[in-house]
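Quick look at entry.txt (compact mmCIF, C-alpha atoms):
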```txt
# COMPACT_ATOMS: atom_id res chain seq x y z
CA MET A 1 -13.08 23.86 -23.09
CA VAL A 2 -10.85 20.94 -22.20
CA ASN A 3 -9.00 23.02 -19.59
CA LEU A 4 -12.28 24.14 -18.06
CA LEU A 5 -13.48 20.55 -17.81
CA ALA A 6 -10.17 19.47 -16.26
CA TRP A 7 -10.33 22.24 -13.65
CA THR A 8 -13.94 21.38 -12.85
CA VAL A 9 -13.09 17.71 -12.30
CA ALA A 10 -10.05 18.69 -10.20
CA ILE A 11 -12.14 20.95 -7.96
CA ILE A 12 -14.77 18.24 -7.50
CA TRP A 13 -12.07 15.76 -6.52
CA LEU A 14 -10.49 18.26 -4.11
CA MET A 15 -13.70 19.20 -2.30
CA PRO A 16 -13.70 16.19 0.10
CA PHE A 17 -10.07 16.86 1.03
CA ILE A 18 -10.78 20.54 1.59
CA GLY A 19 -13.75 19.59 3.75
CA LEU A 20 -11.65 17.19 5.81
CA PHE A 21 -8.96 19.81 6.33
CA MET A 22 -11.44 22.51 7.32
CA THR A 23 -13.10 20.09 9.71
CA SER A 24 -9.77 19.28 11.33
CA VAL A 25 -8.87 22.91 12.10
CA ARG A 26 -12.21 24.03 13.55
CA PRO A 27 -13.87 23.30 16.91
CA PHE A 28 -16.51 20.59 16.89
CA ARG A 29 -19.30 22.94 17.99
CA GLU A 30 -18.89 24.95 14.76
CA LEU A 31 -19.34 21.93 12.52
CA THR A 32 -22.97 21.20 13.36
CA HIS A 33 -24.05 23.39 10.44
CA GLY A 34 -21.37 22.10 8.06
CA TRP A 35 -17.73 22.97 7.51
CA TRP A 36 -18.70 25.45 4.76
CA ASN A 37 -20.42 27.74 7.28
CA PHE A 38 -17.92 30.54 7.96
CA GLU A 39 -20.17 32.98 9.81
CA GLU A 40 -18.36 32.30 13.07
CA ALA A 41 -15.22 30.53 11.96
CA HIS A 42 -12.47 29.95 14.51
CA PHE A 43 -9.40 28.09 13.35
CA THR A 44 -7.37 26.09 15.83
CA LEU A 45 -4.80 23.29 16.03
CA GLU A 46 -6.32 21.84 19.19
CA ASN A 47 -7.65 18.80 17.32
CA TYR A 48 -4.16 17.94 16.07
CA ILE A 49 -2.60 18.53 19.48
CA GLU A 50 -5.17 16.32 21.19
CA ALA A 51 -4.76 13.59 18.57
CA PHE A 52 -1.00 13.45 19.05
CA GLU A 53 -1.39 13.55 22.82
CA ARG A 54 -3.60 10.45 22.50
CA GLY A 55 -0.95 8.53 20.54
CA MET A 56 -1.51 9.50 16.91
CA GLY A 57 2.23 10.05 16.42
CA LYS A 58 2.94 6.49 17.50
CA TYR A 59 0.27 5.14 15.17
CA LEU A 60 1.74 7.07 12.23
CA VAL A 61 5.22 5.71 12.95
CA ASN A 62 3.83 2.18 13.18
CA SER A 63 2.10 2.62 9.83
CA LEU A 64 5.36 3.73 8.22
CA VAL A 65 7.27 0.84 9.78
CA ILE A 66 4.68 -1.57 8.37
CA THR A 67 4.08 0.09 5.00
CA VAL A 68 7.63 0.79 3.78
CA PRO A 69 8.96 -2.79 3.98
CA SER A 70 5.57 -4.11 2.82
CA THR A 71 6.11 -2.05 -0.32
CA VAL A 72 9.82 -2.55 -1.00
CA ILE A 73 10.07 -6.29 -0.29
CA PRO A 74 7.20 -7.54 -2.50
CA ILE A 75 8.17 -5.25 -5.38
CA PHE A 76 11.74 -6.56 -5.51
CA VAL A 77 10.73 -10.21 -5.14
CA ALA A 78 7.85 -9.89 -7.60
CA ALA A 79 10.08 -8.08 -10.10
CA LEU A 80 12.47 -11.04 -10.11
CA ALA A 81 9.60 -13.47 -10.67
CA ALA A 82 8.01 -11.26 -13.32
CA TYR A 83 11.31 -11.06 -15.20
CA ALA A 84 11.57 -14.84 -15.14
CA PHE A 85 8.02 -15.20 -16.46
CA SER A 86 8.67 -12.70 -19.25
CA ARG A 87 12.09 -13.88 -20.43
CA PHE A 88 12.73 -17.53 -19.54
CA SER A 89 11.14 -20.84 -20.44
CA PHE A 90 10.78 -23.50 -17.76
CA PRO A 91 8.42 -26.40 -16.94
CA ILE A 92 4.85 -25.55 -15.86
CA LYS A 93 5.55 -21.85 -16.49
CA ASP A 94 2.08 -21.22 -17.90
CA LEU A 95 0.42 -23.21 -15.12
CA LEU A 96 2.23 -21.19 -12.47
CA PHE A 97 1.23 -17.92 -14.07
CA ILE A 98 -2.42 -18.98 -14.37
CA THR A 99 -2.32 -20.01 -10.72
CA LEU A 100 -1.03 -16.57 -9.76
CA VAL A 101 -3.84 -14.92 -11.68
CA PHE A 102 -6.38 -17.20 -10.00
CA ILE A 103 -5.00 -16.42 -6.52
CA GLN A 104 -5.90 -12.76 -7.01
CA ILE A 105 -9.63 -13.52 -6.92
CA ILE A 106 -9.49 -15.30 -3.54
CA PRO A 107 -10.91 -13.00 -0.81
CA SER A 108 -8.42 -12.41 1.97
CA ILE A 109 -11.07 -13.08 4.61
CA LEU A 110 -11.17 -16.76 3.56
CA VAL A 111 -7.60 -17.33 4.74
CA LEU A 112 -7.69 -15.42 8.02
CA ILE A 113 -7.92 -18.53 10.19
CA PRO A 114 -5.12 -20.45 8.40
CA LEU A 115 -2.92 -17.35 8.50
CA THR A 116 -3.58 -16.88 12.20
CA ILE A 117 -2.59 -20.48 12.89
CA LEU A 118 0.50 -20.14 10.70
CA LEU A 119 1.68 -16.95 12.39
CA ARG A 120 1.06 -18.46 15.80
CA GLU A 121 3.15 -21.52 14.94
CA MET A 122 5.92 -19.27 13.63
CA ARG A 123 5.67 -17.09 16.74
CA LEU A 124 4.98 -14.07 14.57
CA LEU A 125 1.45 -13.38 15.75
CA ASN A 126 1.13 -9.87 17.21
CA THR A 127 4.37 -8.75 15.54
CA ILE A 128 5.04 -6.22 12.81
CA VAL A 129 7.28 -8.74 11.04
CA GLY A 130 4.38 -11.15 10.70
CA LEU A 131 2.09 -8.45 9.31
CA VAL A 132 4.77 -7.34 6.82
CA LEU A 133 5.12 -10.94 5.60
CA ILE A 134 1.36 -11.21 5.13
CA HIS A 135 1.16 -7.97 3.15
CA SER A 136 4.18 -8.95 1.06
CA SER A 137 2.67 -12.34 0.26
CA PHE A 138 -0.70 -10.96 -0.77
CA ALA A 139 0.96 -8.38 -3.01
CA GLN A 140 2.95 -10.91 -5.04
CA PRO A 141 0.26 -12.09 -7.52
CA TRP A 142 -0.92 -8.71 -8.77
CA ILE A 143 2.57 -7.16 -8.83
CA ILE A 144 3.98 -10.14 -10.76
CA PHE A 145 1.07 -9.94 -13.20
CA PHE A 146 1.54 -6.20 -13.70
CA LEU A 147 5.33 -6.20 -14.06
CA ARG A 148 5.42 -9.30 -16.24
CA ASN A 149 3.16 -7.61 -18.77
CA PHE A 150 5.31 -4.49 -18.64
CA PHE A 151 8.58 -6.40 -19.07
CA LEU A 152 7.14 -8.01 -22.21
CA THR A 153 6.97 -4.55 -23.80
CA LEU A 154 10.68 -3.83 -23.24
CA PRO A 155 12.92 -4.36 -26.30
CA LYS A 156 14.95 -7.55 -26.00
CA GLU A 157 17.70 -6.19 -28.26
CA ILE A 158 19.19 -4.17 -25.39
CA GLU A 159 19.41 -7.26 -23.19
CA GLU A 160 20.91 -9.32 -26.00
CA ALA A 161 23.58 -6.67 -26.54
CA ALA A 162 24.36 -6.72 -22.82
CA LYS A 163 24.73 -10.51 -22.92
CA ILE A 164 27.22 -10.19 -25.77
CA ASP A 165 29.22 -7.79 -23.57
CA GLY A 166 29.31 -10.45 -20.86
CA CYS A 167 26.53 -9.39 -18.51
CA THR A 168 24.79 -12.07 -16.50
CA ASP A 169 21.00 -12.31 -16.33
CA PHE A 170 21.01 -10.76 -12.86
CA GLN A 171 23.20 -7.87 -14.01
CA ILE A 172 20.88 -7.27 -16.95
CA PHE A 173 17.93 -7.29 -14.58
CA MET A 174 19.51 -4.86 -12.11
CA LYS A 175 21.27 -2.48 -14.50
CA ILE A 176 18.99 -2.46 -17.54
CA VAL A 177 15.52 -3.84 -16.86
CA LEU A 178 14.85 -2.12 -13.53
CA PRO A 179 15.97 1.36 -14.70
CA LEU A 180 13.85 1.04 -17.84
CA SER A 181 10.92 -0.04 -15.67
CA ALA A 182 11.00 3.00 -13.39
CA PRO A 183 7.52 4.25 -14.44
CA ALA A 184 5.94 0.84 -13.82
CA LEU A 185 7.79 0.39 -10.53
CA GLY A 186 6.66 3.83 -9.41
CA SER A 187 3.04 3.03 -10.19
CA VAL A 188 3.24 -0.30 -8.36
CA ALA A 189 4.96 1.28 -5.37
CA SER A 190 2.35 4.03 -5.09
CA LEU A 191 -0.56 1.61 -5.27
CA GLN A 192 0.97 -0.93 -2.89
CA PHE A 193 1.88 1.82 -0.41
CA LEU A 194 -1.71 3.08 -0.38
CA LEU A 195 -3.15 -0.43 -0.11
CA VAL A 196 -1.03 -1.27 2.92
CA TRP A 197 -1.41 2.16 4.52
CA ASN A 198 -5.21 1.98 4.32
CA GLU A 199 -5.46 -1.71 5.26
CA PHE A 200 -7.52 -2.42 8.37
CA LEU A 201 -8.57 -6.07 8.60
CA PHE A 202 -5.17 -7.76 8.86
CA ALA A 203 -3.90 -5.21 11.36
CA LEU A 204 -7.03 -5.67 13.47
CA ILE A 205 -6.74 -9.47 13.48
CA PHE A 206 -2.98 -9.98 13.75
CA LEU A 207 -1.94 -7.07 16.01
CA LYS A 208 -3.38 -7.22 19.50
CA SER A 209 -0.96 -4.86 21.25
CA PRO A 210 -1.97 -1.17 21.13
CA ASP A 211 1.72 -0.27 20.88
CA LEU A 212 1.81 -1.92 17.42
CA TRP A 213 -1.42 -0.54 15.98
CA PRO A 214 -1.20 1.39 12.68
CA VAL A 215 -3.03 4.63 12.05
CA THR A 216 -6.12 2.91 10.60
CA ILE A 217 -6.87 1.24 13.92
CA GLY A 218 -5.62 4.22 15.91
CA VAL A 219 -8.05 6.61 14.22
CA THR A 220 -10.93 4.20 14.85
CA VAL A 221 -10.05 3.85 18.53
CA LEU A 222 -9.60 7.59 18.99
CA SER A 223 -12.89 8.40 17.26
CA GLN A 224 -14.77 5.87 19.38
CA SER A 225 -13.23 7.13 22.61
CA GLN A 226 -14.05 10.71 21.60
CA TYR A 227 -17.65 9.71 20.86
CA ILE A 228 -17.99 7.89 24.18
CA ALA A 229 -16.45 10.81 26.03
```

Render the structure in this file as structure tokens.
Amino acid sequence: MVNLLAWTVAIIWLMPFIGLFMTSVRPFRELTHGWWNFEEAHFTLENYIEAFERGMGKYLVNSLVITVPSTVIPIFVAALAAYAFSRFSFPIKDLLFITLVFIQIIPSILVLIPLTILLREMRLLNTIVGLVLIHSSFAQPWIIFFLRNFFLTLPKEIEEAAKIDGCTDFQIFMKIVLPLSAPALGSVASLQFLLVWNEFLFALIFLKSPDLWPVTIGVTVLSQSQYIA
């Protein structure tokens, strides 16, 4: 019974993806009655060919160039901060952590104008570097919060034994804490990658050059041009 329920849920979740795929490999004229109509089904790769001819390949590369560093950089920096919050005592530690938690509830749209001014002053407006810095900054609070709570569950005895053997705090962090935190780091990386990959607003505001657009903007532009055509 449990297996049947699991398969049912899996099929329901897969249906939208199957529909998208079937839509992508069939001519538009056949989709007026729904992608599930196979009475006169003709499968073709023309949609993919046309998309890449219109620049989809460039948009995909741009998305990777933006997403990969926007995932790696904040995770490493946030992991260092999370380790400090979970293991060390320092002034205003609790206040800083509460501030980080509070920052998470601030809508990103409220800081668009200050960020635009800041990037312009730094000469990073309309650059991938500027967008990566923005994504990395916005990711810090929730990643620190997540990893700090995970680090608190790790046994301190292993770290204490490493200190007795002469390891520094940074060596303990790199050689013990990070390997033990692989499941948490994988979860954070997956979520952050998807968040940045699917992000639209920042890319729309901070990237004006079509040569820098990620796939989220590229798909929108292509769909609008196709509709107009």

Can you tell me, as a tab-separated table (two decimals) with C-alpha atoms, in the frame of the given file, which residues sit within 9 Å of (7.7, -4.3, 4.2) in the file's frame, using only C-alpha atoms?
```tsv
chain	number	residue	atom	x	y	z
A	65	VAL	CA	7.27	0.84	9.78
A	66	ILE	CA	4.68	-1.57	8.37
A	67	THR	CA	4.08	0.09	5.00
A	68	VAL	CA	7.63	0.79	3.78
A	69	PRO	CA	8.96	-2.79	3.98
A	70	SER	CA	5.57	-4.11	2.82
A	71	THR	CA	6.11	-2.05	-0.32
A	72	VAL	CA	9.82	-2.55	-1.00
A	73	ILE	CA	10.07	-6.29	-0.29
A	74	PRO	CA	7.20	-7.54	-2.50
A	129	VAL	CA	7.28	-8.74	11.04
A	131	LEU	CA	2.09	-8.45	9.31
A	132	VAL	CA	4.77	-7.34	6.82
A	133	LEU	CA	5.12	-10.94	5.60
A	135	HIS	CA	1.16	-7.97	3.15
A	136	SER	CA	4.18	-8.95	1.06
```

Can you check which parts of range 99-136 of chain A lie within 10 Å of range 204-210 of chain A? Per residue, the shortest pair of atoms and distance in Å to one decimal, counting only C-alpha atoms, sorted by chain and number, as a Markdown table.
```
| residue | atom | partner | partner_atom | distance |
| --- | --- | --- | --- | --- |
| A:Leu112 | CA | A:Ile205 | CA | 8.1 |
| A:Ile113 | CA | A:Ile205 | CA | 9.7 |
| A:Leu115 | CA | A:Phe206 | CA | 9.0 |
| A:Thr116 | CA | A:Phe206 | CA | 7.1 |
| A:Leu119 | CA | A:Phe206 | CA | 8.5 |
| A:Arg120 | CA | A:Phe206 | CA | 9.6 |
| A:Leu124 | CA | A:Phe206 | CA | 9.0 |
| A:Leu125 | CA | A:Phe206 | CA | 5.9 |
| A:Asn126 | CA | A:Leu207 | CA | 4.3 |
| A:Thr127 | CA | A:Leu207 | CA | 6.5 |
| A:Ile128 | CA | A:Leu207 | CA | 7.7 |
| A:Gly130 | CA | A:Phe206 | CA | 8.1 |
| A:Leu131 | CA | A:Phe206 | CA | 6.9 |
| A:Ile134 | CA | A:Phe206 | CA | 9.7 |
```

Might you pull out every residue within 8 Å of Phe150 in chain A, with all atoms listed in the file counted and same-chain residues fewer than 3 positions away left off, and present them as number ranges by chain? A: 146-147, 153-154, 181, 184

Pull C-alpha atoms from the residues just selected and write them as a CSV table (one decimal), in the frame of the given file.
```csv
chain,number,residue,atom,x,y,z
A,146,PHE,CA,1.5,-6.2,-13.7
A,147,LEU,CA,5.3,-6.2,-14.1
A,153,THR,CA,7.0,-4.6,-23.8
A,154,LEU,CA,10.7,-3.8,-23.2
A,181,SER,CA,10.9,0.0,-15.7
A,184,ALA,CA,5.9,0.8,-13.8
```

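One finds CA of Met22 in chain A at 20.4 Å from CA of Thr8 in chain A.
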
Atom pair CA of Trp197 in chain A / CA of Ser63 in chain A: separation (Å): 6.4 Å

Enumerate, as a PDB file with C-alpha atoms, in the frame of the given file, the protein, DNA and RNA residues whose atoms approach (-0.3, 7.7, 14.2) to within 10 Å, taking into account all atoms listed in the file and the coordinate frame of the file.
```pdb
ATOM      1  CA  ALA A  51      -4.760  13.590  18.570  1.00  0.00           C
ATOM      2  CA  PHE A  52      -1.000  13.450  19.050  1.00  0.00           C
ATOM      3  CA  ARG A  54      -3.600  10.450  22.500  1.00  0.00           C
ATOM      4  CA  GLY A  55      -0.950   8.530  20.540  1.00  0.00           C
ATOM      5  CA  MET A  56      -1.510   9.500  16.910  1.00  0.00           C
ATOM      6  CA  GLY A  57       2.230  10.050  16.420  1.00  0.00           C
ATOM      7  CA  LYS A  58       2.940   6.490  17.500  1.00  0.00           C
ATOM      8  CA  TYR A  59       0.270   5.140  15.170  1.00  0.00           C
ATOM      9  CA  LEU A  60       1.740   7.070  12.230  1.00  0.00           C
ATOM     10  CA  VAL A  61       5.220   5.710  12.950  1.00  0.00           C
ATOM     11  CA  ASN A  62       3.830   2.180  13.180  1.00  0.00           C
ATOM     12  CA  SER A  63       2.100   2.620   9.830  1.00  0.00           C
ATOM     13  CA  LEU A  64       5.360   3.730   8.220  1.00  0.00           C
ATOM     14  CA  TRP A 213      -1.420  -0.540  15.980  1.00  0.00           C
ATOM     15  CA  PRO A 214      -1.200   1.390  12.680  1.00  0.00           C
ATOM     16  CA  VAL A 215      -3.030   4.630  12.050  1.00  0.00           C
ATOM     17  CA  THR A 216      -6.120   2.910  10.600  1.00  0.00           C
ATOM     18  CA  ILE A 217      -6.870   1.240  13.920  1.00  0.00           C
ATOM     19  CA  GLY A 218      -5.620   4.220  15.910  1.00  0.00           C
ATOM     20  CA  VAL A 219      -8.050   6.610  14.220  1.00  0.00           C
TER      21      VAL A 219
END
```

Atom-to-atom span, CA of Ala78 in chain A and CA of Pro107 in chain A, Å: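 CA of Pro107 in chain A lies at a distance of 20.2 Å from CA of Ala78 in chain A.
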
Just checking: using all atoms listed in the file, which residue out of A:Val177, A:Ala82, A:Ile144, A:Leu194 ends up closest to Ile158 in chain A?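 Smallest distance to Ile158 in chain A is found for A:Val177.
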
Using all atoms listed in the file: which of A:Gln171, A:Thr44, A:Gln192, A:Ser108 has the shortest distance to Leu80 in chain A: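 Among A:Gln171, A:Thr44, A:Gln192, A:Ser108, it is A:Gln171 that comes nearest to Leu80 in chain A.
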
Restore N, CA and C atoms in range 56-82 of chain A and list the result as a PDB file, in the frame of the given file.
```
ATOM      1  N   MET A  56      -1.466   9.521  18.369  1.00  0.00           N
ATOM      2  CA  MET A  56      -1.510   9.500  16.910  1.00  0.00           C
ATOM      3  C   MET A  56      -0.116   9.433  16.303  1.00  0.00           C
ATOM      4  N   GLY A  57       0.856  10.103  16.931  1.00  0.00           N
ATOM      5  CA  GLY A  57       2.230  10.050  16.420  1.00  0.00           C
ATOM      6  C   GLY A  57       2.765   8.632  16.389  1.00  0.00           C
ATOM      7  N   LYS A  58       2.489   7.881  17.443  1.00  0.00           N
ATOM      8  CA  LYS A  58       2.940   6.490  17.500  1.00  0.00           C
ATOM      9  C   LYS A  58       2.259   5.649  16.431  1.00  0.00           C
ATOM     10  N   TYR A  59       0.978   5.885  16.210  1.00  0.00           N
ATOM     11  CA  TYR A  59       0.270   5.140  15.170  1.00  0.00           C
ATOM     12  C   TYR A  59       0.819   5.442  13.777  1.00  0.00           C
ATOM     13  N   LEU A  60       1.163   6.701  13.530  1.00  0.00           N
ATOM     14  CA  LEU A  60       1.740   7.070  12.230  1.00  0.00           C
ATOM     15  C   LEU A  60       3.084   6.401  12.010  1.00  0.00           C
ATOM     16  N   VAL A  61       3.910   6.377  13.059  1.00  0.00           N
ATOM     17  CA  VAL A  61       5.220   5.710  12.950  1.00  0.00           C
ATOM     18  C   VAL A  61       5.030   4.226  12.685  1.00  0.00           C
ATOM     19  N   ASN A  62       4.102   3.605  13.398  1.00  0.00           N
ATOM     20  CA  ASN A  62       3.830   2.180  13.180  1.00  0.00           C
ATOM     21  C   ASN A  62       3.390   1.914  11.737  1.00  0.00           C
ATOM     22  N   SER A  63       2.550   2.797  11.206  1.00  0.00           N
ATOM     23  CA  SER A  63       2.100   2.620   9.830  1.00  0.00           C
ATOM     24  C   SER A  63       3.260   2.699   8.847  1.00  0.00           C
ATOM     25  N   LEU A  64       4.182   3.626   9.090  1.00  0.00           N
ATOM     26  CA  LEU A  64       5.360   3.730   8.220  1.00  0.00           C
ATOM     27  C   LEU A  64       6.235   2.496   8.333  1.00  0.00           C
ATOM     28  N   VAL A  65       6.431   2.026   9.562  1.00  0.00           N
ATOM     29  CA  VAL A  65       7.270   0.840   9.780  1.00  0.00           C
ATOM     30  C   VAL A  65       6.663  -0.380   9.090  1.00  0.00           C
ATOM     31  N   ILE A  66       5.355  -0.449   9.041  1.00  0.00           N
ATOM     32  CA  ILE A  66       4.680  -1.570   8.370  1.00  0.00           C
ATOM     33  C   ILE A  66       4.653  -1.367   6.854  1.00  0.00           C
ATOM     34  N   THR A  67       4.345  -0.162   6.417  1.00  0.00           N
ATOM     35  CA  THR A  67       4.080   0.090   5.000  1.00  0.00           C
ATOM     36  C   THR A  67       5.331   0.079   4.141  1.00  0.00           C
ATOM     37  N   VAL A  68       6.412   0.686   4.613  1.00  0.00           N
ATOM     38  CA  VAL A  68       7.630   0.790   3.780  1.00  0.00           C
ATOM     39  C   VAL A  68       8.184  -0.581   3.412  1.00  0.00           C
ATOM     40  N   PRO A  69       8.474  -1.464   4.384  1.00  0.00           N
ATOM     41  CA  PRO A  69       8.960  -2.790   3.980  1.00  0.00           C
ATOM     42  C   PRO A  69       7.912  -3.613   3.229  1.00  0.00           C
ATOM     43  N   SER A  70       6.633  -3.387   3.529  1.00  0.00           N
ATOM     44  CA  SER A  70       5.570  -4.110   2.820  1.00  0.00           C
ATOM     45  C   SER A  70       5.414  -3.630   1.386  1.00  0.00           C
ATOM     46  N   THR A  71       6.084  -2.546   1.056  1.00  0.00           N
ATOM     47  CA  THR A  71       6.110  -2.050  -0.320  1.00  0.00           C
ATOM     48  C   THR A  71       7.386  -2.455  -1.035  1.00  0.00           C
ATOM     49  N   VAL A  72       8.515  -2.286  -0.364  1.00  0.00           N
ATOM     50  CA  VAL A  72       9.820  -2.550  -1.000  1.00  0.00           C
ATOM     51  C   VAL A  72      10.033  -4.045  -1.226  1.00  0.00           C
ATOM     52  N   ILE A  73       9.785  -4.852  -0.198  1.00  0.00           N
ATOM     53  CA  ILE A  73      10.070  -6.290  -0.290  1.00  0.00           C
ATOM     54  C   ILE A  73       9.269  -6.972  -1.406  1.00  0.00           C
ATOM     55  N   PRO A  74       7.941  -6.826  -1.440  1.00  0.00           N
ATOM     56  CA  PRO A  74       7.200  -7.540  -2.500  1.00  0.00           C
ATOM     57  C   PRO A  74       7.523  -7.044  -3.900  1.00  0.00           C
ATOM     58  N   ILE A  75       7.847  -5.760  -4.044  1.00  0.00           N
ATOM     59  CA  ILE A  75       8.170  -5.250  -5.380  1.00  0.00           C
ATOM     60  C   ILE A  75       9.447  -5.891  -5.898  1.00  0.00           C
ATOM     61  N   PHE A  76      10.477  -5.976  -5.060  1.00  0.00           N
ATOM     62  CA  PHE A  76      11.740  -6.560  -5.510  1.00  0.00           C
ATOM     63  C   PHE A  76      11.579  -8.044  -5.824  1.00  0.00           C
ATOM     64  N   VAL A  77      10.924  -8.774  -4.930  1.00  0.00           N
ATOM     65  CA  VAL A  77      10.730 -10.210  -5.140  1.00  0.00           C
ATOM     66  C   VAL A  77       9.849 -10.460  -6.358  1.00  0.00           C
ATOM     67  N   ALA A  78       8.766  -9.712  -6.466  1.00  0.00           N
ATOM     68  CA  ALA A  78       7.850  -9.890  -7.600  1.00  0.00           C
ATOM     69  C   ALA A  78       8.510  -9.493  -8.913  1.00  0.00           C
ATOM     70  N   ALA A  79       9.381  -8.493  -8.879  1.00  0.00           N
ATOM     71  CA  ALA A  79      10.080  -8.080 -10.100  1.00  0.00           C
ATOM     72  C   ALA A  79      10.975  -9.204 -10.615  1.00  0.00           C
ATOM     73  N   LEU A  80      11.644  -9.893  -9.704  1.00  0.00           N
ATOM     74  CA  LEU A  80      12.470 -11.040 -10.110  1.00  0.00           C
ATOM     75  C   LEU A  80      11.605 -12.122 -10.760  1.00  0.00           C
ATOM     76  N   ALA A  81      10.488 -12.441 -10.117  1.00  0.00           N
ATOM     77  CA  ALA A  81       9.600 -13.470 -10.670  1.00  0.00           C
ATOM     78  C   ALA A  81       8.996 -13.026 -11.994  1.00  0.00           C
ATOM     79  N   ALA A  82       8.598 -11.766 -12.078  1.00  0.00           N
ATOM     80  CA  ALA A  82       8.010 -11.260 -13.320  1.00  0.00           C
ATOM     81  C   ALA A  82       9.012 -11.299 -14.462  1.00  0.00           C
TER      82      ALA A  82
END
```
